[in-house]
Every structure is written in structure tokens, then in C-alpha cells.
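Here's entry11.cif, which has mmCIF, N, CA and C atoms:
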```cif
data_query
loop_
_atom_site.group_PDB
_atom_site.id
_atom_site.type_symbol
_atom_site.label_atom_id
_atom_site.label_comp_id
_atom_site.auth_asym_id
_atom_site.auth_seq_id
_atom_site.Cartn_x
_atom_site.Cartn_y
_atom_site.Cartn_z
ATOM 1 N N MET D 10 146.639 -103.074 -78.733
ATOM 2 C CA MET D 10 145.402 -103.417 -79.398
ATOM 3 C C MET D 10 145.394 -104.929 -79.660
ATOM 4 N N ARG D 11 144.262 -105.515 -79.405
ATOM 5 C CA ARG D 11 144.074 -106.947 -79.616
ATOM 6 C C ARG D 11 143.231 -107.160 -80.865
ATOM 7 N N LEU D 12 143.682 -108.044 -81.742
ATOM 8 C CA LEU D 12 142.966 -108.371 -82.972
ATOM 9 C C LEU D 12 142.451 -109.796 -82.907
ATOM 10 N N VAL D 13 141.248 -109.998 -83.435
ATOM 11 C CA VAL D 13 140.662 -111.331 -83.549
ATOM 12 C C VAL D 13 140.303 -111.549 -85.008
ATOM 13 N N VAL D 14 140.809 -112.629 -85.581
ATOM 14 C CA VAL D 14 140.405 -113.035 -86.923
ATOM 15 C C VAL D 14 139.319 -114.074 -86.705
ATOM 16 N N ASP D 15 138.082 -113.668 -86.961
ATOM 17 C CA ASP D 15 136.917 -114.494 -86.653
ATOM 18 C C ASP D 15 136.483 -115.286 -87.882
ATOM 19 N N ASN D 16 136.783 -116.572 -87.847
ATOM 20 C CA ASN D 16 136.360 -117.482 -88.905
ATOM 21 C C ASN D 16 135.382 -118.497 -88.322
ATOM 22 N N SER D 17 134.619 -118.077 -87.308
ATOM 23 C CA SER D 17 133.722 -118.998 -86.602
ATOM 24 C C SER D 17 132.601 -119.536 -87.482
ATOM 25 N N THR D 18 132.316 -118.867 -88.609
ATOM 26 C CA THR D 18 131.313 -119.389 -89.532
ATOM 27 C C THR D 18 131.915 -120.393 -90.506
ATOM 28 N N GLY D 19 133.239 -120.541 -90.470
ATOM 29 C CA GLY D 19 133.903 -121.480 -91.377
ATOM 30 C C GLY D 19 134.005 -120.954 -92.786
ATOM 31 N N GLY D 20 133.969 -119.635 -92.935
ATOM 32 C CA GLY D 20 133.920 -119.005 -94.245
ATOM 33 C C GLY D 20 135.142 -119.203 -95.107
ATOM 34 N N ASP D 21 136.334 -119.096 -94.536
ATOM 35 C CA ASP D 21 137.536 -119.192 -95.363
ATOM 36 C C ASP D 21 138.751 -119.427 -94.473
ATOM 37 N N ALA D 22 139.034 -120.684 -94.185
ATOM 38 C CA ALA D 22 140.130 -121.039 -93.288
ATOM 39 C C ALA D 22 141.485 -120.611 -93.842
ATOM 40 N N GLN D 23 141.667 -120.725 -95.152
ATOM 41 C CA GLN D 23 142.945 -120.373 -95.753
ATOM 42 C C GLN D 23 143.213 -118.878 -95.641
ATOM 43 N N LEU D 24 142.228 -118.064 -95.945
ATOM 44 C CA LEU D 24 142.391 -116.617 -95.831
ATOM 45 C C LEU D 24 142.632 -116.228 -94.373
ATOM 46 N N ALA D 25 141.872 -116.822 -93.463
ATOM 47 C CA ALA D 25 142.035 -116.516 -92.040
ATOM 48 C C ALA D 25 143.457 -116.838 -91.584
ATOM 49 N N ALA D 26 143.979 -117.992 -91.977
ATOM 50 C CA ALA D 26 145.338 -118.383 -91.589
ATOM 51 C C ALA D 26 146.375 -117.427 -92.173
ATOM 52 N N ASN D 27 146.190 -117.016 -93.424
ATOM 53 C CA ASN D 27 147.134 -116.085 -94.055
ATOM 54 C C ASN D 27 147.110 -114.713 -93.390
ATOM 55 N N VAL D 28 145.931 -114.240 -93.015
ATOM 56 C CA VAL D 28 145.824 -112.947 -92.343
ATOM 57 C C VAL D 28 146.474 -113.024 -90.966
ATOM 58 N N VAL D 29 146.211 -114.095 -90.225
ATOM 59 C CA VAL D 29 146.822 -114.272 -88.901
ATOM 60 C C VAL D 29 148.342 -114.285 -89.025
ATOM 61 N N HIS D 30 148.852 -115.031 -89.982
ATOM 62 C CA HIS D 30 150.301 -115.114 -90.187
ATOM 63 C C HIS D 30 150.889 -113.729 -90.490
ATOM 64 N N GLY D 31 150.263 -112.997 -91.390
ATOM 65 C CA GLY D 31 150.748 -111.662 -91.746
ATOM 66 C C GLY D 31 150.721 -110.693 -90.579
ATOM 67 N N LEU D 32 149.652 -110.736 -89.795
ATOM 68 C CA LEU D 32 149.549 -109.842 -88.643
ATOM 69 C C LEU D 32 150.586 -110.179 -87.579
ATOM 70 N N ARG D 33 150.791 -111.462 -87.332
ATOM 71 C CA ARG D 33 151.785 -111.867 -86.327
ATOM 72 C C ARG D 33 153.204 -111.509 -86.772
ATOM 73 N N GLU D 34 153.467 -111.607 -88.074
ATOM 74 C CA GLU D 34 154.784 -111.204 -88.586
ATOM 75 C C GLU D 34 155.078 -109.736 -88.297
ATOM 76 N N ARG D 35 154.037 -108.921 -88.291
ATOM 77 C CA ARG D 35 154.199 -107.481 -88.023
ATOM 78 C C ARG D 35 154.122 -107.144 -86.537
ATOM 79 N N GLY D 36 153.986 -108.170 -85.693
ATOM 80 C CA GLY D 36 154.036 -107.951 -84.254
ATOM 81 C C GLY D 36 152.705 -107.751 -83.554
ATOM 82 N N TYR D 37 151.605 -108.002 -84.238
ATOM 83 C CA TYR D 37 150.286 -107.856 -83.615
ATOM 84 C C TYR D 37 149.932 -109.097 -82.799
ATOM 85 N N ALA D 38 149.241 -108.877 -81.685
ATOM 86 C CA ALA D 38 148.696 -109.978 -80.893
ATOM 87 C C ALA D 38 147.374 -110.377 -81.547
ATOM 88 N N VAL D 39 147.305 -111.614 -82.021
ATOM 89 C CA VAL D 39 146.152 -112.051 -82.813
ATOM 90 C C VAL D 39 145.585 -113.350 -82.257
ATOM 91 N N GLU D 40 144.260 -113.397 -82.199
ATOM 92 C CA GLU D 40 143.555 -114.630 -81.846
ATOM 93 C C GLU D 40 142.797 -115.092 -83.083
ATOM 94 N N LEU D 41 142.855 -116.388 -83.363
ATOM 95 C CA LEU D 41 142.103 -116.959 -84.479
ATOM 96 C C LEU D 41 140.926 -117.736 -83.908
ATOM 97 N N ARG D 42 139.733 -117.352 -84.320
ATOM 98 C CA ARG D 42 138.523 -118.100 -83.919
ATOM 99 C C ARG D 42 138.131 -119.020 -85.060
ATOM 100 N N GLU D 43 138.223 -120.298 -84.770
ATOM 101 C CA GLU D 43 137.894 -121.298 -85.777
ATOM 102 C C GLU D 43 136.487 -121.813 -85.534
ATOM 103 N N PRO D 44 135.865 -122.387 -86.556
ATOM 104 C CA PRO D 44 134.506 -122.930 -86.368
ATOM 105 C C PRO D 44 134.526 -124.152 -85.467
ATOM 106 N N GLU D 45 133.437 -124.334 -84.757
ATOM 107 C CA GLU D 45 133.282 -125.534 -83.938
ATOM 108 C C GLU D 45 133.094 -126.725 -84.879
ATOM 109 N N PRO D 46 133.682 -127.870 -84.558
ATOM 110 C CA PRO D 46 133.547 -129.032 -85.451
ATOM 111 C C PRO D 46 132.094 -129.426 -85.719
ATOM 112 N N GLU D 47 131.231 -129.293 -84.717
ATOM 113 C CA GLU D 47 129.835 -129.696 -84.916
ATOM 114 C C GLU D 47 129.064 -128.742 -85.830
ATOM 115 N N SER D 48 129.577 -127.526 -86.028
ATOM 116 C CA SER D 48 128.870 -126.589 -86.910
ATOM 117 C C SER D 48 128.951 -127.017 -88.372
ATOM 118 N N MET D 49 129.891 -127.889 -88.688
ATOM 119 C CA MET D 49 130.009 -128.378 -90.066
ATOM 120 C C MET D 49 128.804 -129.225 -90.461
ATOM 121 N N PHE D 50 128.132 -129.801 -89.477
ATOM 122 C CA PHE D 50 127.011 -130.687 -89.760
ATOM 123 C C PHE D 50 125.683 -130.130 -89.266
ATOM 124 N N ASP D 51 125.685 -128.865 -88.876
ATOM 125 C CA ASP D 51 124.475 -128.220 -88.363
ATOM 126 C C ASP D 51 123.642 -127.727 -89.538
ATOM 127 N N THR D 52 122.455 -128.267 -89.703
ATOM 128 C CA THR D 52 121.614 -127.877 -90.835
ATOM 129 C C THR D 52 120.973 -126.502 -90.638
ATOM 130 N N ALA D 53 121.092 -125.943 -89.426
ATOM 131 C CA ALA D 53 120.533 -124.610 -89.186
ATOM 132 C C ALA D 53 121.490 -123.506 -89.603
ATOM 133 N N VAL D 54 122.715 -123.856 -89.961
ATOM 134 C CA VAL D 54 123.708 -122.869 -90.360
ATOM 135 C C VAL D 54 123.376 -122.367 -91.760
ATOM 136 N N HIS D 55 123.565 -121.080 -91.983
ATOM 137 C CA HIS D 55 123.315 -120.511 -93.311
ATOM 138 C C HIS D 55 124.250 -121.127 -94.338
ATOM 139 N N VAL D 56 123.754 -121.363 -95.519
ATOM 140 C CA VAL D 56 124.549 -121.952 -96.577
ATOM 141 C C VAL D 56 125.534 -120.916 -97.138
ATOM 142 N N VAL D 57 125.136 -119.679 -97.232
ATOM 143 C CA VAL D 57 126.004 -118.632 -97.760
ATOM 144 C C VAL D 57 126.921 -118.162 -96.643
ATOM 145 N N SER D 58 128.206 -118.311 -96.864
ATOM 146 C CA SER D 58 129.183 -117.942 -95.847
ATOM 147 C C SER D 58 129.468 -116.445 -95.901
ATOM 148 N N THR D 59 129.678 -115.882 -94.733
ATOM 149 C CA THR D 59 130.013 -114.461 -94.663
ATOM 150 C C THR D 59 131.508 -114.227 -94.741
ATOM 151 N N GLY D 60 132.300 -115.270 -94.804
ATOM 152 C CA GLY D 60 133.743 -115.101 -94.839
ATOM 153 C C GLY D 60 134.283 -114.847 -93.446
ATOM 154 N N ILE D 61 135.379 -114.095 -93.373
ATOM 155 C CA ILE D 61 135.973 -113.802 -92.073
ATOM 156 C C ILE D 61 135.655 -112.374 -91.659
ATOM 157 N N VAL D 62 135.804 -112.118 -90.370
ATOM 158 C CA VAL D 62 135.625 -110.775 -89.813
ATOM 159 C C VAL D 62 136.834 -110.490 -88.934
ATOM 160 N N LEU D 63 137.439 -109.325 -89.110
ATOM 161 C CA LEU D 63 138.490 -108.873 -88.203
ATOM 162 C C LEU D 63 137.823 -108.082 -87.099
ATOM 163 N N ARG D 64 138.158 -108.400 -85.863
ATOM 164 C CA ARG D 64 137.576 -107.689 -84.726
ATOM 165 C C ARG D 64 138.691 -107.042 -83.915
ATOM 166 N N VAL D 65 138.479 -105.803 -83.510
ATOM 167 C CA VAL D 65 139.427 -105.073 -82.675
ATOM 168 C C VAL D 65 138.714 -104.625 -81.410
ATOM 169 N N ASP D 66 139.472 -104.511 -80.324
ATOM 170 C CA ASP D 66 138.855 -104.095 -79.063
ATOM 171 C C ASP D 66 138.784 -102.579 -78.922
ATOM 172 N N GLU D 67 139.487 -101.858 -79.793
ATOM 173 C CA GLU D 67 139.433 -100.398 -79.793
ATOM 174 C C GLU D 67 139.685 -99.901 -81.214
ATOM 175 N N ARG D 68 139.268 -98.695 -81.480
ATOM 176 C CA ARG D 68 139.474 -98.119 -82.817
ATOM 177 C C ARG D 68 140.972 -97.923 -83.052
ATOM 178 N N PRO D 69 141.526 -98.550 -84.102
ATOM 179 C CA PRO D 69 142.967 -98.425 -84.329
ATOM 180 C C PRO D 69 143.342 -97.043 -84.863
ATOM 181 N N PRO D 70 144.542 -96.573 -84.504
ATOM 182 C CA PRO D 70 145.033 -95.321 -85.089
ATOM 183 C C PRO D 70 145.136 -95.476 -86.613
ATOM 184 N N TYR D 71 145.120 -94.361 -87.306
ATOM 185 C CA TYR D 71 145.111 -94.358 -88.769
ATOM 186 C C TYR D 71 146.283 -95.155 -89.351
ATOM 187 N N ALA D 72 147.481 -94.992 -88.786
ATOM 188 C CA ALA D 72 148.665 -95.697 -89.308
ATOM 189 C C ALA D 72 148.510 -97.211 -89.164
ATOM 190 N N GLU D 73 148.006 -97.665 -88.021
ATOM 191 C CA GLU D 73 147.802 -99.106 -87.814
ATOM 192 C C GLU D 73 146.703 -99.639 -88.721
ATOM 193 N N LEU D 74 145.677 -98.853 -88.927
ATOM 194 C CA LEU D 74 144.598 -99.262 -89.824
ATOM 195 C C LEU D 74 145.141 -99.477 -91.235
ATOM 196 N N GLY D 75 146.013 -98.597 -91.667
ATOM 197 C CA GLY D 75 146.633 -98.742 -92.979
ATOM 198 C C GLY D 75 147.474 -99.996 -93.079
ATOM 199 N N GLU D 76 148.228 -100.295 -92.022
ATOM 200 C CA GLU D 76 149.071 -101.482 -92.020
ATOM 201 C C GLU D 76 148.227 -102.762 -92.014
ATOM 202 N N ILE D 77 147.182 -102.777 -91.198
ATOM 203 C CA ILE D 77 146.274 -103.923 -91.159
ATOM 204 C C ILE D 77 145.628 -104.125 -92.529
ATOM 205 N N SER D 78 145.207 -103.048 -93.151
ATOM 206 C CA SER D 78 144.590 -103.130 -94.482
ATOM 207 C C SER D 78 145.556 -103.707 -95.508
ATOM 208 N N GLN D 79 146.820 -103.296 -95.456
ATOM 209 C CA GLN D 79 147.822 -103.825 -96.390
ATOM 210 C C GLN D 79 147.992 -105.327 -96.219
ATOM 211 N N ILE D 80 148.003 -105.789 -94.972
ATOM 212 C CA ILE D 80 148.173 -107.218 -94.693
ATOM 213 C C ILE D 80 146.984 -108.012 -95.239
ATOM 214 N N VAL D 81 145.777 -107.511 -95.011
ATOM 215 C CA VAL D 81 144.579 -108.205 -95.491
ATOM 216 C C VAL D 81 144.548 -108.200 -97.019
ATOM 217 N N ARG D 82 144.871 -107.060 -97.640
ATOM 218 C CA ARG D 82 144.892 -106.993 -99.108
ATOM 219 C C ARG D 82 145.889 -107.982 -99.704
ATOM 220 N N ALA D 83 147.058 -108.085 -99.088
ATOM 221 C CA ALA D 83 148.072 -109.022 -99.585
ATOM 222 C C ALA D 83 147.565 -110.459 -99.490
ATOM 223 N N ALA D 84 146.893 -110.793 -98.388
ATOM 224 C CA ALA D 84 146.337 -112.143 -98.238
ATOM 225 C C ALA D 84 145.243 -112.398 -99.266
ATOM 226 N N LEU D 85 144.403 -111.399 -99.522
ATOM 227 C CA LEU D 85 143.344 -111.552 -100.523
ATOM 228 C C LEU D 85 143.943 -111.745 -101.920
ATOM 229 N N GLN D 86 144.975 -110.992 -102.247
ATOM 230 C CA GLN D 86 145.578 -111.077 -103.580
ATOM 231 C C GLN D 86 146.245 -112.419 -103.830
ATOM 232 N N ARG D 87 146.692 -113.087 -102.767
ATOM 233 C CA ARG D 87 147.334 -114.399 -102.912
ATOM 234 C C ARG D 87 146.337 -115.555 -102.882
ATOM 235 N N HIS D 88 145.070 -115.255 -102.651
ATOM 236 C CA HIS D 88 144.073 -116.333 -102.543
ATOM 237 C C HIS D 88 143.939 -117.038 -103.883
ATOM 238 N N PRO D 89 143.910 -118.387 -103.883
ATOM 239 C CA PRO D 89 143.827 -119.114 -105.148
ATOM 240 C C PRO D 89 142.491 -118.978 -105.878
ATOM 241 N N SER D 90 141.430 -118.627 -105.167
ATOM 242 C CA SER D 90 140.115 -118.511 -105.800
ATOM 243 C C SER D 90 139.878 -117.076 -106.271
ATOM 244 N N PRO D 91 139.691 -116.862 -107.570
ATOM 245 C CA PRO D 91 139.431 -115.501 -108.060
ATOM 246 C C PRO D 91 138.175 -114.885 -107.435
ATOM 247 N N ARG D 92 137.171 -115.697 -107.193
ATOM 248 C CA ARG D 92 135.935 -115.178 -106.598
ATOM 249 C C ARG D 92 136.189 -114.692 -105.176
ATOM 250 N N ARG D 93 136.943 -115.445 -104.414
ATOM 251 C CA ARG D 93 137.200 -115.063 -103.032
ATOM 252 C C ARG D 93 138.209 -113.931 -102.913
ATOM 253 N N ARG D 94 139.020 -113.721 -103.932
ATOM 254 C CA ARG D 94 139.949 -112.581 -103.934
ATOM 255 C C ARG D 94 139.203 -111.255 -103.888
ATOM 256 N N THR D 95 138.014 -111.242 -104.425
ATOM 257 C CA THR D 95 137.262 -109.983 -104.515
ATOM 258 C C THR D 95 136.361 -109.743 -103.310
ATOM 259 N N ARG D 96 136.415 -110.606 -102.316
ATOM 260 C CA ARG D 96 135.618 -110.413 -101.102
ATOM 261 C C ARG D 96 136.108 -109.219 -100.315
ATOM 262 N N ALA D 97 135.201 -108.585 -99.625
ATOM 263 C CA ALA D 97 135.554 -107.522 -98.691
ATOM 264 C C ALA D 97 135.548 -108.096 -97.278
ATOM 265 N N VAL D 98 136.530 -107.695 -96.490
ATOM 266 C CA VAL D 98 136.653 -108.169 -95.115
ATOM 267 C C VAL D 98 136.312 -107.012 -94.179
ATOM 268 N N PRO D 99 135.298 -107.176 -93.335
ATOM 269 C CA PRO D 99 134.955 -106.083 -92.418
ATOM 270 C C PRO D 99 135.908 -106.036 -91.225
ATOM 271 N N LEU D 100 136.233 -104.819 -90.796
ATOM 272 C CA LEU D 100 136.968 -104.592 -89.560
ATOM 273 C C LEU D 100 135.944 -104.051 -88.576
ATOM 274 N N ALA D 101 135.596 -104.872 -87.593
ATOM 275 C CA ALA D 101 134.501 -104.542 -86.674
ATOM 276 C C ALA D 101 135.032 -104.233 -85.281
ATOM 277 N N LEU D 102 134.299 -103.389 -84.587
ATOM 278 C CA LEU D 102 134.631 -103.023 -83.221
ATOM 279 C C LEU D 102 134.043 -104.057 -82.272
ATOM 280 N N GLY D 103 134.899 -104.918 -81.719
ATOM 281 C CA GLY D 103 134.469 -105.934 -80.770
ATOM 282 C C GLY D 103 133.411 -106.862 -81.338
ATOM 283 N N ALA D 104 132.594 -107.391 -80.441
ATOM 284 C CA ALA D 104 131.530 -108.307 -80.836
ATOM 285 C C ALA D 104 130.260 -107.563 -81.226
ATOM 286 N N SER D 105 130.297 -106.234 -81.145
ATOM 287 C CA SER D 105 129.094 -105.439 -81.413
ATOM 288 C C SER D 105 128.639 -105.531 -82.865
ATOM 289 N N GLY D 106 129.585 -105.783 -83.748
ATOM 290 C CA GLY D 106 129.223 -105.846 -85.154
ATOM 291 C C GLY D 106 129.305 -104.500 -85.857
ATOM 292 N N GLN D 107 129.617 -103.437 -85.119
ATOM 293 C CA GLN D 107 129.769 -102.120 -85.747
ATOM 294 C C GLN D 107 131.008 -102.158 -86.631
ATOM 295 N N VAL D 108 130.804 -102.038 -87.935
ATOM 296 C CA VAL D 108 131.910 -102.110 -88.879
ATOM 297 C C VAL D 108 132.577 -100.741 -88.973
ATOM 298 N N LEU D 109 133.894 -100.726 -88.713
ATOM 299 C CA LEU D 109 134.656 -99.490 -88.812
ATOM 300 C C LEU D 109 135.043 -99.201 -90.256
ATOM 301 N N THR D 110 135.394 -100.256 -90.983
ATOM 302 C CA THR D 110 135.743 -100.117 -92.394
ATOM 303 C C THR D 110 135.688 -101.489 -93.061
ATOM 304 N N TRP D 111 135.615 -101.472 -94.375
ATOM 305 C CA TRP D 111 135.666 -102.687 -95.173
ATOM 306 C C TRP D 111 136.993 -102.684 -95.911
ATOM 307 N N ILE D 112 137.679 -103.825 -95.924
ATOM 308 C CA ILE D 112 138.973 -103.930 -96.591
ATOM 309 C C ILE D 112 138.817 -104.857 -97.786
ATOM 310 N N ASP D 113 139.233 -104.377 -98.950
ATOM 311 C CA ASP D 113 139.199 -105.224 -100.147
ATOM 312 C C ASP D 113 140.422 -104.920 -100.999
ATOM 313 N N VAL D 114 140.566 -105.641 -102.109
ATOM 314 C CA VAL D 114 141.741 -105.482 -102.971
ATOM 315 C C VAL D 114 141.661 -104.232 -103.839
ATOM 316 N N PHE D 115 140.544 -103.563 -103.862
ATOM 317 C CA PHE D 115 140.341 -102.453 -104.773
ATOM 318 C C PHE D 115 140.733 -101.091 -104.204
ATOM 319 N N ASP D 116 141.120 -101.032 -102.930
ATOM 320 C CA ASP D 116 141.492 -99.737 -102.321
ATOM 321 C C ASP D 116 142.855 -99.291 -102.745
#
```

Final C-alpha cells representation of the file:
Amino acid sequence: MRLVVDNSTGGDAQLAANVVHGLRERGYAVELREPEPESMFDTAVHVVSTGIVLRVDERPPYAELGEISQIVRAALQRHPSPRRRTRAVPLALGASGQVLTWIDVFD
């Protein structure tokens, strides 16, 4: 299974880096999508950031989903911003946007 940590909106570089690090430590193949430099100055970009999105190319087995959720929760709990700690991170199937589950610190 291939995982993509999509931070292309520039929502939270620190959280994205922590999630990538945690996933790679557990042996997952992970790609990090960073925002394009010119998007920082694009006035057409929405002001409200959606944060990061985890994308998978196939529906993960239940055990892997649990492990991925633990990694994301740990990264959220270590985030220095209390507001951003409470964000939910969607796990989406590919680029389709179909959300398989939402991961947050409250599960």
C-alpha cells in the first residue's frame, strides 16, 4: 500500500513532517506532497486551510488502519498548537476525495 501525506494546500508542514516520519519508522512507503512555492503568494487560494490529507491507493486492512490512526494521533498530540491538536485528518481513497475515515485525538 502506498501512502501520500498531502500538504499541497500548505495547511500544516510540521504535522505533515511528523506523520511522514512516524509512518516511515513503521515501514510504510510514504510520499510527502508539499505546496508549490508560488501558491504562497496566490491570492486565489482560500484563506482557511484544510490541513493535511492522507491518501491511500487502496482500502487498508483493519489492522493497518489502526496503526496508521495511532501514528496520526501521536503526531496530533505532540503538536505545539492546542487548536491544531484538535483537527481531524481525513484518510481518503486516492485523488477521488472519498474519505474512508477521519482520524483525530478523540478516538

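Backbone DSSP over region 10-114 of chain D gives strand (DSSP E) for Arg11, Leu12, Val13, Val14, Asp15, Ala38, Val39, Glu40, Leu41, Arg42, Val62, Leu63, Arg64, Val65, Val98, Pro99, Leu100, Ala101, Leu102, Gln107, Val108, Leu109, Thr110, Trp111 and Ile112 of chain D.
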
Taking the file as I've supplied it (selection: the PyMOL selection byres ((chain D and resi 95-103) around 8)), which residues are included? Please answer as a PyMOL selection string.
chain D and resi 59-68+81+85-86+90-94+104-115

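Atom C of Asp116 (chain D) sits 23.3 Å away from atom C of Tyr37 (chain D).
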
So which bits of chain D end up alpha helix (DSSP H) when you DSSP the backbone, as a VMD selection string?
chain D and resid 22 to 34 71 to 86 91 to 94

Just need the box for region 76-88 of chain D, edges along x, y and z, holding every atom the file lists for it with 5 Å tacked onto each side, so centre and edge lengths in Å to one decimal, as lines of an AutoDock Vina configuration file.
```
center_x = 146.2
center_y = -108.7
center_z = -97.5
size_x = 15.7
size_y = 26.7
size_z = 22.7
```

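For Glu43 (chain D), the set of protein, DNA and RNA residues having any atom at most 6.5 Å away, when counting only N, CA and C atoms and skipping those fewer than 6 positions along the same chain, is Asp15, Asn16, Ser17, Thr18 and Gly19 of chain D.
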
Taking only N, CA and C atoms into account, name the residue in D:Ala26, D:Leu41, D:Gly36, D:Gly31 that is nearest to Val13 (chain D).
D:Leu41

Which one is closest to Val28 (chain D): D:Leu74, D:Glu45, D:Pro69, D:Ala84? Count only N, CA and C atoms.
D:Ala84

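Here atom N of Glu76 (chain D) is placed at a distance of 23.7 Å from CA of Gly20 (chain D).
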
From the structure block, carefully write region 95-106 of chain D out with N, CA and C atoms; format it as a PDB file, in the first residue's frame.
```pdb
ATOM      1  N   THR D  95      -6.563  19.545  17.807  1.00  0.00           N
ATOM      2  CA  THR D  95      -7.938  19.030  17.751  1.00  0.00           C
ATOM      3  C   THR D  95      -8.448  18.858  16.325  1.00  0.00           C
ATOM      4  N   ARG D  96      -7.611  19.093  15.335  1.00  0.00           N
ATOM      5  CA  ARG D  96      -8.014  18.898  13.941  1.00  0.00           C
ATOM      6  C   ARG D  96      -8.227  17.433  13.637  1.00  0.00           C
ATOM      7  N   ALA D  97      -9.121  17.168  12.726  1.00  0.00           N
ATOM      8  CA  ALA D  97      -9.314  15.816  12.212  1.00  0.00           C
ATOM      9  C   ALA D  97      -8.601  15.703  10.868  1.00  0.00           C
ATOM     10  N   VAL D  98      -7.948  14.574  10.658  1.00  0.00           N
ATOM     11  CA  VAL D  98      -7.216  14.331   9.418  1.00  0.00           C
ATOM     12  C   VAL D  98      -7.972  13.276   8.615  1.00  0.00           C
ATOM     13  N   PRO D  99      -8.396  13.609   7.400  1.00  0.00           N
ATOM     14  CA  PRO D  99      -9.118  12.611   6.603  1.00  0.00           C
ATOM     15  C   PRO D  99      -8.159  11.606   5.966  1.00  0.00           C
ATOM     16  N   LEU D 100      -8.595  10.350   5.911  1.00  0.00           N
ATOM     17  CA  LEU D 100      -7.900   9.309   5.169  1.00  0.00           C
ATOM     18  C   LEU D 100      -8.747   9.061   3.932  1.00  0.00           C
ATOM     19  N   ALA D 101      -8.232   9.482   2.783  1.00  0.00           N
ATOM     20  CA  ALA D 101      -9.012   9.457   1.542  1.00  0.00           C
ATOM     21  C   ALA D 101      -8.480   8.400   0.583  1.00  0.00           C
ATOM     22  N   LEU D 102      -9.381   7.883  -0.224  1.00  0.00           N
ATOM     23  CA  LEU D 102      -9.035   6.900  -1.236  1.00  0.00           C
ATOM     24  C   LEU D 102      -8.567   7.622  -2.491  1.00  0.00           C
ATOM     25  N   GLY D 103      -7.257   7.602  -2.740  1.00  0.00           N
ATOM     26  CA  GLY D 103      -6.685   8.226  -3.923  1.00  0.00           C
ATOM     27  C   GLY D 103      -7.001   9.707  -4.020  1.00  0.00           C
ATOM     28  N   ALA D 104      -7.035  10.190  -5.253  1.00  0.00           N
ATOM     29  CA  ALA D 104      -7.320  11.598  -5.504  1.00  0.00           C
ATOM     30  C   ALA D 104      -8.818  11.863  -5.598  1.00  0.00           C
ATOM     31  N   SER D 105      -9.621  10.810  -5.452  1.00  0.00           N
ATOM     32  CA  SER D 105     -11.071  10.953  -5.617  1.00  0.00           C
ATOM     33  C   SER D 105     -11.703  11.828  -4.540  1.00  0.00           C
ATOM     34  N   GLY D 106     -11.072  11.859  -3.383  1.00  0.00           N
ATOM     35  CA  GLY D 106     -11.643  12.646  -2.302  1.00  0.00           C
ATOM     36  C   GLY D 106     -12.618  11.861  -1.439  1.00  0.00           C
TER      37      GLY D 106
END
```
